[in-house]
file run_35.cif (mmCIF, C-alpha atoms)
data_run
#
loop_
_atom_site.label_atom_id
_atom_site.label_comp_id
_atom_site.auth_asym_id
_atom_site.auth_seq_id
_atom_site.Cartn_x
_atom_site.Cartn_y
_atom_site.Cartn_z
CA MET A 1 125.10 217.97 118.44
CA ARG A 2 124.87 220.73 121.02
CA PHE A 3 122.32 223.52 120.65
CA SER A 4 125.11 226.13 120.76
CA SER A 5 126.90 224.45 117.85
CA ILE A 6 127.19 226.44 114.64
CA PHE A 7 126.31 223.26 112.74
CA TYR A 8 123.08 222.96 114.74
CA THR A 9 122.28 226.63 114.15
CA ILE A 10 122.81 226.41 110.39
CA THR A 11 120.85 223.14 110.19
CA LEU A 12 117.99 224.71 112.17
CA ILE A 13 117.95 227.80 109.93
CA PHE A 14 117.85 225.75 106.74
CA THR A 15 115.21 223.39 108.17
CA LEU A 16 113.02 226.34 109.11
CA GLY A 17 113.65 227.81 105.65
CA ILE A 18 112.56 224.62 103.88
CA GLY A 19 109.51 224.39 106.16
CA ALA A 20 108.56 228.02 105.50
CA ILE A 21 108.93 227.55 101.73
CA GLY A 22 106.81 224.38 101.92
CA ILE A 23 104.05 226.23 103.77
CA ALA A 24 104.28 229.09 101.26
CA PHE A 25 103.93 226.66 98.36
CA LEU A 26 100.89 224.99 99.97
CA TRP A 27 99.29 228.39 100.37
CA LEU A 28 100.25 229.26 96.78
CA ILE A 29 98.67 226.04 95.49
CA GLU A 30 95.38 226.80 97.26
CA TYR A 31 95.42 230.40 96.08
CA ASP A 32 96.33 229.50 92.50
CA LYS A 33 93.78 226.69 92.44
CA ALA A 34 91.01 229.06 93.56
CA ASN A 35 92.14 231.66 91.04
CA TYR A 36 92.18 229.05 88.27
CA ALA A 37 88.64 228.00 89.21
CA ARG A 38 87.52 231.66 89.04
CA GLU A 39 89.07 232.04 85.60
CA LEU A 40 87.18 228.96 84.33
CA ASN A 41 83.91 230.14 85.85
CA THR A 42 84.35 233.55 84.23
CA LYS A 43 85.12 231.92 80.88
CA TYR A 44 82.09 229.60 81.07
CA SER A 45 79.88 232.46 82.19
CA ILE A 46 80.84 234.55 79.15
CA VAL A 47 80.38 231.61 76.77
CA ALA A 48 77.00 230.63 78.32
CA ARG A 49 75.67 234.18 78.24
CA ALA A 50 76.77 234.82 74.64
CA THR A 51 75.33 231.45 73.53
CA LEU A 52 71.99 232.05 75.22
CA LEU A 53 71.80 235.54 73.69
CA TYR A 54 72.49 234.01 70.30
CA LEU A 55 69.94 231.23 70.76
CA ASN A 56 67.37 233.82 71.77
CA GLU A 57 68.28 235.83 68.66
CA ILE A 58 69.25 238.84 70.72
CA ILE A 59 72.67 239.06 69.02
CA THR A 60 73.65 238.12 65.48
CA GLN A 61 75.93 235.27 64.52
CA ASP A 62 78.74 237.71 63.70
CA GLU A 63 78.39 239.35 67.12
CA TYR A 64 78.35 235.90 68.73
CA LYS A 65 81.55 234.87 66.97
CA GLU A 66 83.16 238.20 67.87
CA GLN A 67 82.37 237.78 71.58
CA LEU A 68 83.75 234.23 71.57
CA SER A 69 86.72 234.93 69.33
CA ASN A 70 89.20 233.96 72.10
CA LEU A 71 86.90 231.61 74.01
CA TYR A 72 85.72 229.26 71.30
CA MET A 73 84.24 226.00 72.60
CA PRO A 74 83.08 223.66 69.79
CA PRO A 75 79.78 221.78 70.16
CA VAL A 76 79.53 217.99 70.47
CA ILE A 77 77.83 216.96 67.20
CA ASN A 78 77.35 213.24 67.78
CA GLU A 79 73.99 212.88 69.50
CA ASP A 80 74.75 209.50 71.05
CA LYS A 81 78.01 210.78 72.49
CA LYS A 82 76.27 213.94 73.72
CA GLU A 83 73.58 211.96 75.49
CA LYS A 84 76.15 209.65 77.05
CA ILE A 85 78.22 212.55 78.38
CA ILE A 86 75.18 214.33 79.79
CA LYS A 87 74.04 211.12 81.46
CA GLU A 88 77.40 210.16 82.98
CA ALA A 89 78.91 213.57 83.72
CA ALA A 90 79.03 215.21 87.13
CA THR A 91 77.38 218.60 87.38
CA LEU A 92 79.78 221.09 88.94
CA GLU A 93 77.52 224.14 88.77
CA GLU A 94 74.16 225.03 87.24
CA ILE A 95 72.61 228.46 86.69
CA SER A 96 69.06 229.24 85.51
CA THR A 97 68.13 232.57 83.91
CA GLU A 98 65.21 233.97 81.89
CA LEU A 99 67.14 233.18 78.74
CA GLY A 100 67.76 229.52 79.63
CA VAL A 101 69.81 227.14 81.80
CA SER A 102 73.58 226.65 81.73
CA ALA A 103 75.50 223.95 83.58
CA ILE A 104 79.21 223.02 83.91
CA LEU A 105 79.75 219.27 83.52
CA PHE A 106 82.84 217.17 84.23
CA HIS A 107 83.37 213.91 82.39
CA GLN A 108 86.56 211.87 81.90
CA LYS A 109 88.90 214.71 82.90
CA LYS A 110 87.22 217.19 80.58
CA ASN A 111 84.90 220.10 81.17
CA TYR A 112 81.69 220.60 79.22
CA LEU A 113 79.18 223.43 79.11
CA LYS A 114 75.54 222.34 78.72
CA ILE A 115 73.19 225.08 77.55
CA THR A 116 69.44 224.47 77.46
CA LYS A 117 66.80 226.74 75.87
CA ASP A 118 63.31 225.35 75.93
CA ASP A 119 63.69 221.83 74.51
CA GLU A 120 66.95 222.56 72.71
CA THR A 121 70.18 221.38 74.40
CA LEU A 122 73.62 222.39 73.23
CA LEU A 123 76.76 220.68 74.64
CA LEU A 124 80.06 222.56 74.26
CA ILE A 125 83.43 221.02 75.02
CA ASP A 126 86.30 223.02 76.57
CA THR A 127 89.19 221.88 74.37
CA ALA A 128 91.60 224.23 76.22
CA TYR A 129 90.78 222.78 79.64
CA GLN A 130 93.62 221.23 81.61
CA SER A 131 93.44 219.67 85.05
CA TYR A 132 95.11 221.75 87.75
CA ARG A 133 98.87 222.03 87.31
CA TYR A 134 100.03 220.23 90.48
CA ILE A 135 103.05 218.74 88.72
CA ILE A 136 104.35 222.17 87.68
CA ILE A 137 104.06 223.47 91.25
CA GLN A 138 105.79 220.36 92.59
CA ILE A 139 108.62 220.70 90.09
CA ILE A 140 109.12 224.34 91.07
CA PHE A 141 109.13 223.43 94.78
CA ALA A 142 111.57 220.55 94.19
CA PHE A 143 113.85 222.90 92.24
CA VAL A 144 113.84 225.55 94.99
CA ALA A 145 114.31 222.92 97.75
CA GLY A 146 117.17 221.35 95.77
CA ILE A 147 118.96 224.70 95.51
CA ILE A 148 118.56 225.27 99.26
CA LEU A 149 119.78 221.75 100.03
CA LEU A 150 122.84 222.15 97.79
CA THR A 151 123.54 225.51 99.47
CA TYR A 152 123.28 223.84 102.90
CA ILE A 153 125.68 221.05 101.89
CA PHE A 154 128.10 223.61 100.42
CA ILE A 155 128.10 225.72 103.60
CA ILE A 156 128.48 222.67 105.88
CA ARG A 157 131.43 221.43 103.81
CA LYS A 158 132.98 224.88 104.03
CA ILE A 159 132.74 225.07 107.82
CA MET A 160 133.54 221.38 108.42
CA PRO A 161 137.22 222.19 109.18
CA LEU A 162 136.01 224.17 112.22
CA GLY A 163 135.20 220.92 114.03
CA LYS A 164 138.62 219.46 113.20
CA LEU A 165 140.30 222.74 114.18
CA LYS A 166 138.51 222.71 117.54
CA ARG A 167 139.76 219.17 118.24
CA GLU A 168 143.32 220.24 117.44
CA ILE A 169 142.96 223.32 119.70
CA ASP A 170 141.68 221.05 122.50
CA LYS A 171 144.77 218.85 122.04
CA PHE A 172 146.97 221.95 122.20
CA ALA A 173 145.19 223.12 125.37
CA GLN A 174 146.05 219.75 126.96
CA GLY A 175 149.74 220.32 126.18
CA ASP A 176 149.90 218.11 123.08
CA LEU A 177 152.00 219.87 120.44
CA GLU A 178 151.57 217.15 117.82
CA ILE A 179 149.02 219.18 115.87
CA LYS A 180 147.76 218.36 112.38
CA ASN A 181 147.14 220.95 109.70
CA VAL A 182 143.41 220.66 108.98
CA ALA A 183 143.35 223.35 106.26
CA THR A 184 141.52 222.14 103.14
CA GLY A 185 141.60 225.20 100.86
CA ASN A 186 142.32 228.91 100.68
CA ASP A 187 139.24 230.29 102.43
CA GLU A 188 139.35 232.19 105.73
CA ILE A 189 138.77 229.09 107.87
CA SER A 190 141.65 227.27 106.16
CA GLN A 191 143.83 230.35 106.61
CA VAL A 192 143.08 230.37 110.35
CA ALA A 193 143.82 226.62 110.57
CA SER A 194 147.12 227.10 108.73
CA ALA A 195 148.07 230.06 110.92
CA PHE A 196 147.30 228.02 114.06
CA TYR A 197 149.37 225.08 112.77
CA GLU A 198 152.31 227.37 111.96
CA ALA A 199 152.06 229.04 115.39
CA VAL A 200 152.09 225.67 117.17
CA SER A 201 155.02 224.55 115.03
CA GLN A 202 156.93 227.67 116.07
CA ILE A 203 156.07 227.05 119.72
CA LYS A 204 157.24 223.46 119.39
CA ASN A 205 160.53 224.56 117.85
CA LEU A 206 161.03 227.24 120.51
CA ASN A 207 160.20 224.71 123.23
CA LYS A 208 162.78 222.27 121.88
CA SER A 209 165.38 225.05 121.71
CA ARG A 210 164.59 226.11 125.27
CA GLN A 211 164.83 222.56 126.56
CA LEU A 212 168.15 222.01 124.79
CA PHE A 213 169.49 225.35 126.08
CA LEU A 214 168.45 224.69 129.70
CA ARG A 215 169.72 221.13 129.71
CA ASN A 216 173.08 222.19 128.29
CA ILE A 217 173.42 224.96 130.87
CA MET A 218 172.49 222.65 133.75
CA HIS A 219 174.88 220.01 132.49
CA GLU A 220 177.71 222.50 132.13
CA LEU A 221 177.07 224.02 135.56
CA LYS A 222 177.03 220.73 137.43
CA THR A 223 180.70 220.01 136.68
CA PRO A 224 182.20 223.21 138.18
CA ILE A 225 179.80 223.04 141.12
CA THR A 226 180.85 219.46 141.87
CA LYS A 227 184.53 220.36 141.54
CA GLY A 228 184.06 223.44 143.69
CA ARG A 229 182.39 221.45 146.46
CA ILE A 230 185.14 218.77 146.39
CA THR A 231 187.75 221.52 146.62
CA ALA A 232 185.89 223.20 149.47
CA GLU A 233 185.78 219.95 151.44
CA MET A 234 189.54 219.57 151.06
CA ILE A 235 190.45 222.89 152.66
CA GLU A 236 190.85 223.45 156.36
CA LYS A 237 187.63 223.17 158.33
CA ASN A 238 186.48 226.58 159.49
CA LYS A 239 183.57 228.96 159.01
CA ASN A 240 184.69 229.85 155.50
CA GLN A 241 184.67 226.17 154.50
CA GLU A 242 181.17 225.73 155.87
CA ARG A 243 179.97 228.80 153.98
CA LEU A 244 181.54 227.56 150.75
CA ILE A 245 180.04 224.10 151.14
CA ASP A 246 176.67 225.70 151.92
CA VAL A 247 176.93 227.87 148.79
CA PHE A 248 177.76 224.88 146.57
CA GLU A 249 174.93 222.85 148.16
CA ARG A 250 172.50 225.66 147.43
CA LEU A 251 173.75 225.91 143.86
CA GLU A 252 173.36 222.16 143.40
CA SER A 253 169.84 222.35 144.90
CA LEU A 254 169.00 225.20 142.54
CA ILE A 255 170.18 223.18 139.52
CA ASN A 256 168.06 220.22 140.62
CA GLU A 257 165.02 222.43 141.10
CA PHE A 258 165.56 224.01 137.71
CA ALA A 259 165.67 220.51 136.19
CA ALA A 260 162.37 219.67 137.87
CA VAL A 261 160.87 222.98 136.71
CA GLU A 262 162.02 222.36 133.14
CA ARG A 263 160.52 218.89 133.08
CA ALA A 264 157.26 219.87 134.76
CA THR A 265 156.61 223.04 132.74
CA SER A 266 157.44 221.22 129.52
CA ARG A 267 154.82 218.62 130.44
CA LEU A 268 157.44 215.91 129.89
CA VAL A 269 155.44 213.35 131.80
CA GLY A 270 156.68 209.82 131.34
CA GLU A 271 154.49 206.82 130.72
CA LEU A 272 151.58 206.82 133.14
CA LYS A 273 151.57 203.51 134.96
CA PRO A 274 149.40 202.22 137.81
CA CYS A 275 151.06 202.80 141.17
CA LYS A 276 150.10 202.89 144.82
CA VAL A 277 149.94 206.34 146.37
CA ARG A 278 151.66 204.95 149.51
CA ASP A 279 154.62 203.82 147.37
CA VAL A 280 154.89 207.34 145.91
CA ILE A 281 154.90 208.82 149.44
CA ASP A 282 157.57 206.37 150.62
CA GLU A 283 159.74 207.27 147.61
CA ALA A 284 159.27 210.98 148.36
CA ILE A 285 160.29 210.49 152.02
CA ASP A 286 163.43 208.66 150.89
CA ILE A 287 164.34 211.44 148.43
CA ALA A 288 163.73 214.11 151.08
CA MET A 289 165.86 212.08 153.53
CA ALA A 290 163.29 212.97 156.15
CA ASP A 291 163.35 211.50 159.65
CA ASN A 292 160.50 209.01 159.98
CA SER A 293 159.87 210.29 163.48
CA ASN A 294 158.92 213.68 162.01
CA VAL A 295 156.78 212.34 159.16
CA LYS A 296 153.73 210.21 159.93
CA VAL A 297 151.77 208.54 157.14
CA GLU A 298 148.14 207.54 157.62
CA ALA A 299 146.77 205.51 154.70
CA ILE A 300 143.01 205.39 155.21
CA ASP A 301 142.49 204.38 151.60
CA ASP A 302 145.62 203.37 149.66
CA THR A 303 144.45 204.47 146.23
CA THR A 304 145.95 203.14 142.99
CA ILE A 305 146.45 205.84 140.36
CA LYS A 306 148.08 206.21 136.96
CA ALA A 307 151.04 208.57 137.17
CA ASP A 308 154.68 209.24 136.35
CA PHE A 309 156.00 207.68 139.55
CA LYS A 310 159.28 209.64 139.80
CA LEU A 311 157.82 213.00 138.85
CA LEU A 312 154.90 212.71 141.29
CA ALA A 313 157.35 211.64 144.01
CA ILE A 314 159.30 214.89 143.42
CA ALA A 315 156.10 216.88 143.96
CA CYS A 316 155.44 215.04 147.24
CA LYS A 317 159.10 215.51 148.27
CA ASN A 318 158.76 219.29 147.84
CA MET A 319 155.67 219.31 150.02
CA ILE A 320 157.51 217.31 152.68
CA ASP A 321 160.47 219.72 152.54
CA ASN A 322 158.20 222.76 152.89
CA ALA A 323 156.24 221.26 155.79
CA LEU A 324 159.32 220.26 157.76
CA LYS A 325 160.94 223.62 157.07
CA TYR A 326 158.04 225.92 157.95
CA SER A 327 155.82 223.99 160.42
CA ASP A 328 155.83 225.12 164.05
CA ASP A 329 156.83 221.71 165.41
CA LYS A 330 158.95 220.59 162.40
CA SER A 331 156.66 217.63 161.87
CA LEU A 332 154.24 216.53 159.17
CA LYS A 333 151.26 214.22 158.89
CA ILE A 334 150.41 212.75 155.49
CA ILE A 335 146.90 211.38 155.03
CA ILE A 336 145.98 209.22 152.03
CA SER A 337 142.21 209.15 151.67
CA ASN A 338 139.50 209.22 149.03
CA ASN A 339 141.70 210.08 146.02
CA GLU A 340 143.50 212.75 148.01
CA ILE A 341 146.92 213.21 149.57
CA ILE A 342 146.77 215.65 152.48
CA PHE A 343 149.99 217.20 153.83
CA SER A 344 148.99 218.47 157.25
CA SER A 345 151.27 220.56 159.47
CA LYS A 346 150.88 223.11 162.27
CA GLY A 347 151.52 226.74 161.45
CA ALA A 348 150.07 230.12 160.60
CA ALA A 349 147.91 230.52 157.52
CA LEU A 350 149.49 231.65 154.27
CA GLU A 351 149.83 235.40 154.07
CA ASN A 352 148.67 235.45 150.43
CA ASP A 353 146.36 233.48 148.24
CA LEU A 354 147.75 230.12 147.10
CA LYS A 355 147.95 231.44 143.54
CA TYR A 356 150.69 233.79 144.69
CA TYR A 357 152.95 230.94 145.83
CA ILE A 358 152.65 228.84 142.68
CA GLU A 359 154.38 231.56 140.69
CA PRO A 360 158.16 231.00 140.33
CA PHE A 361 160.53 232.72 142.79
CA THR A 362 157.83 233.81 145.23
CA GLN A 363 158.38 233.27 148.97
CA GLY A 364 156.72 233.91 152.28
CA SER A 365 158.14 236.47 154.66
CA ASN A 366 159.70 233.71 156.82
CA ALA A 367 161.38 231.90 153.91
CA LYS A 368 164.98 230.86 154.48
CA LYS A 369 167.34 229.16 152.06
CA SER A 370 164.55 228.91 149.50
CA PHE A 371 164.41 229.86 145.85
CA GLY A 372 160.64 230.08 145.81
CA LEU A 373 160.26 227.21 143.33
CA GLY A 374 158.79 224.49 145.57
CA LEU A 375 155.07 225.06 145.06
CA TYR A 376 155.68 226.19 141.48
CA ILE A 377 157.20 222.79 140.71
CA VAL A 378 154.44 220.98 142.62
CA TYR A 379 151.71 222.85 140.78
CA ASN A 380 153.13 222.16 137.33
CA ILE A 381 153.71 218.46 138.05
CA LEU A 382 150.11 218.11 139.20
CA GLU A 383 148.86 220.05 136.19
CA ALA A 384 150.85 217.75 133.91
CA HIS A 385 148.97 214.82 135.48
CA LYS A 386 145.66 216.78 135.41
CA PHE A 387 145.54 216.68 139.20
CA LYS A 388 144.79 219.71 141.39
CA LEU A 389 146.53 221.50 144.26
CA LEU A 390 144.16 222.72 146.99
CA TYR A 391 144.77 224.51 150.29
CA ASN A 392 142.91 224.85 153.55
CA HIS A 393 143.79 226.31 156.97
CA GLN A 394 141.74 225.46 160.05
CA ASN A 395 142.45 225.43 163.80
CA GLY A 396 146.11 226.35 163.32
CA VAL A 397 146.75 223.54 160.81
CA ASN A 398 147.80 224.00 157.16
CA ASP A 399 146.44 221.37 154.78
CA PHE A 400 147.93 221.16 151.30
CA ILE A 401 145.86 218.71 149.29
CA PHE A 402 146.67 216.80 146.11
CA SER A 403 143.30 216.08 144.50
CA LEU A 404 143.87 212.99 142.36
CA ASN A 405 140.35 212.95 140.93
CA LYS A 406 140.56 214.14 137.32
CA SER A 407 136.90 215.17 137.39
CA ASN A 408 138.10 218.22 139.33
CA GLN A 409 139.96 219.41 136.29
CA GLY A 410 139.15 222.99 135.47
CA LYS A 411 138.23 224.08 139.01
CA ASN A 412 139.93 227.14 140.41
CA ILE A 413 142.56 226.79 143.08
CA ASP A 414 140.90 227.01 146.45
CA LYS A 415 142.11 229.53 148.96
#
call {"tool": "encode", "arguments": {"input": "run_35.cif", "output": "C-alpha cells"}}
result
Amino acid sequence: MRFSSIFYTITLIFTLGIGAIGIAFLWLIEYDKANYARELNTKYSIVARATLLYLNEIITQDEYKEQLSNLYMPPVINEDKKEKIIKEAATLEEISTELGVSAILFHQKKNYLKITKDDETLLLIDTAYQSYRYIIIQIIFAFVAGIILLTYIFIIRKIMPLGKLKREIDKFAQGDLEIKNVATGNDEISQVASAFYEAVSQIKNLNKSRQLFLRNIMHELKTPITKGRITAEMIEKNKNQERLIDVFERLESLINEFAAVERATSRLVGELKPCKVRDVIDEAIDIAMADNSNVKVEAIDDTTIKADFKLLAIACKNMIDNALKYSDDKSLKIIISNNEIIFSSKGAALENDLKYYIEPFTQGSNAKKSFGLGLYIVYNILEAHKFKLLYNHQNGVNDFIFSLNKSNQGKNIDK
C-alpha cells in the first residue's frame, strides 16, 4: 500500500486515533486510581478521627453517630478473627496522634481500620470497599475502540470501489473499452463509477459508429476510383492521361492511408505474436517497393518482439517512404540494434518539433504529393504497441528511432 494511498491515510488516522485513546485511558486509569486512593484516605481519616474523639470522650455517642452517618464501618466483634486479621494483614498506612494510633490494613481483598487507644484496640471493616474498577475502565475502552473499528470498516467498505474504479480507468487509459461497472450503491463514489461506465459505453458506441462509417465510405470510394483509373488508362496517352492517372493514384493512396489511420487510432491491434524485427523491415521494404540499392539494412542485433506484424510493417513502410522522398541522396540506412530501429538519412533538421509532424495533415515546407499523414500513422501504430517514436539530428543526418522497449512508456517525445 503506497503512502499516498487514501486507504493508507485513513488507516494511519484511525491507528493514531486508537493509540491516542489508549494513552488517554492509561492516563485516566492512573488519575482515577490516585483519586480513588485519596477518597479512601479521606474517608478513613474522618472515621479514625471521629472514633478517637469518641474513645477519648471528647464527643458524645450521638455526635459520633452523626459524624459517621454516611461513613459507617462496623467493628469486628470476634476476638479470634480480629487477632488473626491484625496478625496477617498488610499495613498500608499508620498515623500516630495525641489521641491514639490509627492504621489502614489490607487483608483478603478487604480494607480494615485499626484504631488503638492505650491498650484498647478497635478493628473496623470497610464493608463498602471495592478493589479498583479496572474491568469497568477496560469495558469502556473496548466499547470506544469497537465503535472506532466499526467506523473504520464502514468507511473502508464505502471507499473500496475507488480501487476498482482506478483499475478500470487504467484499463481505459490503455485503450481498453471493455469496462466494468463497479458501482455498488447510490453514494457519490458509486455515482461517479456509473457516470464513468456510461461515458465509456457512449465512447465505445461512437467509436463503433465511426469505424463503420469510415469503412463504408472507404469501401464505396474504392470502386469509382478503380473504375476511373481503368478508364483513364484506356484513353489516349498524353499529359491529360498522366494527370488523371496521377490523381487516381493519389486518391487510392489517400484511401489506403485513411484505412491505416482508422486502424491505428482505433487501437485495432491484432494478436501480438513473436516476430523478428528484420522480417518486419523486409516486409516493409516489399510494401514500399523500394529499390534495395537505396535501402541498406544493418542488423547489429536482430531482436525478437511481440507485435502485430502487418501493422508494424506499415509503420516502417511509411518511414521508408518519407526517407526516400525527403533525403538529400534519396537513400536510407536502417539499423536494428538494442531494441531500436533507426531510420537514418541525410538531410536538414526538421523545421518544427517532432510533435508538430505527428498531428494529422501537417507537412514540412518541402512536402510534395503528401497528405501529411505519414508520421501520424507511424506514431499511432507505435502507441498502439506501447512503443515510442524518437528523433535526433546530428552531423547532417536525420535519425527517426522506433524504441521497442516498453519501459520507455510514458516518456515525452524527444526533439
call {"tool": "atom_distance", "arguments": {"input": "run_35.cif", "atom1": "CA of Ala37 (chain A)", "atom2": "CA of Thr127 (chain A)"}}
result
16.1 Å
call {"tool": "resolve_selection", "arguments": {"input": "run_35.cif", "expression": "the PyMOL selection byres ((chain A and resi 326) around 9)", "output": "ChimeraX atom specification"}}
result
/A:321-325,327-330,345-347,366-367
call {"tool": "atom_distance", "arguments": {"input": "run_35.cif", "atom1": "CA of Leu28 (chain A)", "atom2": "CA of Ile137 (chain A)"}}
result
8.9 Å
call {"tool": "residues_around", "arguments": {"input": "run_35.cif", "residues": "Lys109 (chain A)", "least_positions_apart": "2", "cutoff": "9 Å", "atoms": "only C-alpha atoms", "output": "list in words"}}
result
Phe106, His107, Asn111, Tyr129, Gln130 and Ser131 of chain A
call {"tool": "resolve_selection", "arguments": {"input": "run_35.cif", "expression": "the PyMOL selection byres ((chain A and resi 169) around 12)", "output": "PyMOL selection string"}}
result
chain A and resi 162-168+170-182+192-193+196-197+199-200
call {"tool": "closest_residue", "arguments": {"input": "run_35.cif", "among": "A:Thr116, A:Thr151, A:Ser5, A:Asn70", "to": "Asn56 (chain A)", "atoms": "only C-alpha atoms"}}
result
A:Thr116
call {"tool": "residues_around", "arguments": {"input": "run_35.cif", "residues": "Ala349 (chain A)", "least_positions_apart": "4", "cutoff": "8 Å", "atoms": "only C-alpha atoms", "output": "JSON, numbers by chain"}}
result
{"A": [393, 396, 397, 398]}
call {"tool": "residues_near_point", "arguments": {"input": "run_35.cif", "point": "(158.9, 209.4, 158.0)", "cutoff": "10 Å", "atoms": "all atoms listed in the file", "output": "PyMOL selection string"}}
result
chain A and resi 281-282+284-286+288-297+320+331-334
call {"tool": "atom_distance", "arguments": {"input": "run_35.cif", "atom1": "CA of Leu26 (chain A)", "atom2": "CA of Ile148 (chain A)"}}
result
17.7 Å
call {"tool": "residues_around", "arguments": {"input": "run_35.cif", "residues": "Leu53 (chain A)", "least_positions_apart": "2", "cutoff": "12 Å", "atoms": "all atoms listed in the file", "output": "MDAnalysis selection string"}}
result
chainID A and resid 46:51 55:61 63:65 67 97:101 115:117
call {"tool": "residues_around", "arguments": {"input": "run_35.cif", "residues": "Ala90 (chain A)", "least_positions_apart": "5", "cutoff": "12 Å", "atoms": "all atoms listed in the file", "output": "PyMOL selection string"}}
result
chain A and resi 84-85+103-114
call {"tool": "resolve_selection", "arguments": {"input": "run_35.cif", "expression": "the PyMOL selection byres ((chain A and resi 185) around 12)", "output": "list of chain:residue names"}}
result
A:Arg157, A:Lys158, A:Ile159, A:Met160, A:Pro161, A:Asn181, A:Val182, A:Ala183, A:Thr184, A:Asn186, A:Asp187, A:Glu188, A:Ile189, A:Ser190, A:Gln191, A:Val192, A:Ala193, A:Ser194
call {"tool": "closest_residue", "arguments": {"input": "run_35.cif", "among": "A:Leu71, A:Phe25, A:Asp308, A:Thr42", "to": "Ile136 (chain A)", "atoms": "all atoms listed in the file"}}
result
A:Phe25
